[in-house]
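S.K.: One structure, pasted below without further comment.
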Amino acid sequence: MNSTVPIEYDDYSLSSETTDSLNRYDQNFLVEHYNSLPNDDNKKAFKASLEGVDYDDLFQNKLPSALNNDKSSDKSGFDPDTIRPFPMPVPDTNTNTNTNTNLKVAACIMAGGAGTRLGFPGPKGTFPVIRNKTLFDFLIPRCPSDLPVYIMTSPDNDEETQEFFRKRNYYGRGPSGFVFFKQSMLPTLSPTHKLLLSTPHSLLLSSSGNGSVLRSLPHPLT
């Protein structure tokens with residue numbers, strides 16, 4: 001059994017809550033590693049990263065759910081069985097707008113993926129499919145012009161995606177026609193359930209997948 005790792009508290013010390021959580025879930029090697037780093041701005045950023053993780057949720061909810069591939073392990077409170085079909089507005093084919101303006105609906109495009117499997121060095125939505133028309137070029141015109149369009153990006157492609165829309169002049173809808181938001185990220189675990197590092201000063205993070213779109217949406221919705 002691994003022993004807990006005590007630390008002396010100063011401006012660079014991890015909070016007792018974070019240290020206790022890391023020790024509790026057998027991640028005390030991270031406390032040792034953190035204590036070995038020199039006190040500088042990189043260490044402060046690493047401290048903020050470590051203290052921003054909900055370790056109870058990660059190890060008690062998300063990890064068992066992933067291992068069991070069973071939604072019964074998810075204690076987040078979201079019940080997919082409560083989803084019901086929504087009466088969609090009928091588009092006016094002449095004006096490409098909605099005929100019923102009382103309905104509060106929006107389009108949502110999950111565009112957090114990279115084009116790596118397509119051999120494309122950019123956001124998947126900017127991949128040219130036919131005659132240099134991208135996936136976004138096909139999707140956006142299908143959305144009624146008065147319908148807000150939410151674009152879920154990732155921390156890695158958010159800036160590049162927004163720049164793509166600026167160059168496309170927002171498809172004539174203006175910046176107010178779109179809401180860009182980043183999908184949530186989760187720490188990555190090894191096969192032995194140890195937290196992984198991307199650099200000596202940062203956790204390795206991965207996207208939490210399209211299934212997290214409802215939790216990633218900005219609240220309240222604009």
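Just so we're on the same page: first chain in the structure tokens is A, next is B, and so on; residues restart at 1 for each chain, and ligands are numbered from 1 in the order they show up.
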Quick one: residues within 8 Å of A:Leu186, only C-alpha atoms, excluding same-chain residues fewer than 4 positions away - as a list in words?
M.R.: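 Result of the neighbour search: Leu205, Ser206, Ser207 and Ser208 of chain A.
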S.K.: Write out, as an mmCIF file, in the first residue's frame, the residues just selected, with all heavy atoms.
M.R.:
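Listing of result30.cif after writing:
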data_model
loop_
_atom_site.group_PDB
_atom_site.id
_atom_site.type_symbol
_atom_site.label_atom_id
_atom_site.label_comp_id
_atom_site.auth_asym_id
_atom_site.auth_seq_id
_atom_site.Cartn_x
_atom_site.Cartn_y
_atom_site.Cartn_z
ATOM 1 N N LEU A 205 -4.868 16.012 -21.162
ATOM 2 C CA LEU A 205 -6.319 16.113 -21.217
ATOM 3 C C LEU A 205 -6.834 15.599 -22.550
ATOM 4 O O LEU A 205 -6.172 15.727 -23.580
ATOM 5 C CB LEU A 205 -6.773 17.561 -21.020
ATOM 6 C CG LEU A 205 -6.343 18.252 -19.730
ATOM 7 C CD1 LEU A 205 -6.827 19.697 -19.718
ATOM 8 C CD2 LEU A 205 -6.872 17.513 -18.503
ATOM 9 N N SER A 206 -8.022 15.022 -22.527
ATOM 10 C CA SER A 206 -8.699 14.574 -23.739
ATOM 11 C C SER A 206 -10.129 15.078 -23.706
ATOM 12 O O SER A 206 -10.691 15.309 -22.630
ATOM 13 C CB SER A 206 -8.692 13.043 -23.852
ATOM 14 O OG SER A 206 -7.381 12.536 -23.934
ATOM 15 N N SER A 207 -10.724 15.226 -24.879
ATOM 16 C CA SER A 207 -12.107 15.687 -24.927
ATOM 17 C C SER A 207 -13.021 14.645 -24.304
ATOM 18 O O SER A 207 -12.770 13.444 -24.380
ATOM 19 C CB SER A 207 -12.530 15.965 -26.367
ATOM 20 O OG SER A 207 -12.540 14.759 -27.115
ATOM 21 N N SER A 208 -14.078 15.121 -23.685
ATOM 22 C CA SER A 208 -15.020 14.211 -23.024
ATOM 23 C C SER A 208 -16.049 13.651 -23.994
ATOM 24 O O SER A 208 -16.969 12.951 -23.586
ATOM 25 C CB SER A 208 -15.728 14.927 -21.868
ATOM 26 O OG SER A 208 -16.300 16.142 -22.308
#
S.K.: List the neighbours of stretch 106-117 of chain A out to 9 Å using only C-alpha atoms; skip same-chain residues closer than 4 positions along the sequence, and give me the result as a list of chain:residue names.
M.R.: A:Pro121, A:Gly122, A:Pro123, A:Lys124, A:Gly125, A:Thr126, A:Phe127, A:Leu139, A:Cys143, A:Pro144, A:Leu147, A:Pro148, A:Val149, A:Tyr150, A:Ile151, A:Met152, A:Thr153, A:Ser154, A:Pro155, A:Asp156, A:Asn157, A:Asp158, A:Thr161, A:Lys182, A:Gln183, A:Ser207, A:Gly209, A:Asn210, A:Val213
S.K.: Between A:Phe164, A:Ala48, A:Leu37, A:Lys62, which is the closest to A:Leu14 once you count only C-alpha atoms?
M.R.: A:Ala48
S.K.: Write out as a list in words which residues come within 12 Å of A:Leu195 when counting only C-alpha atoms, dropping same-chain ones fewer than 2 positions away.
M.R.: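 In the requested form, the answer reads Leu22, Tyr25, Asp26, Gln27, Asn28, Phe29, Leu30, Val31, Leu50, Val53, Tyr55, Leu58, Phe59, Leu63, Leu186, Pro187, Thr188, Leu189, Ser190, Pro191, Thr192, His193, Leu197, Ser198, Ser202, Leu203, Leu204, Leu205 and Ser206 of chain A.
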S.K.: What does the distance between atom CA of A:Asn42 and atom CA of A:Phe180 come to in Å, to one decimal place?
M.R.: 28.6 Å
S.K.: When distances are computed from only C-alpha atoms, which of A:Pro200, A:Gly174, A:Pro128, A:Pro141 shows the smallest separation from A:His33?
M.R.: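 For A:His33, the nearest of the given residues is A:Pro200.
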S.K.: Which residue is closest to A:Asp146? Choose from A:Gln162, A:Asn23, A:Thr134, A:Ser176 and count only C-alpha atoms.
M.R.: A:Ser176
S.K.: Can you tell me, as a list in words, what residues are no more than 8 Å from A:Arg173 when counting only C-alpha atoms, ignoring any on the same chain fewer than 4 positions away?
M.R.: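 Within the cut-off, the hits are Ser145, Asn169 and Gly177 of chain A.
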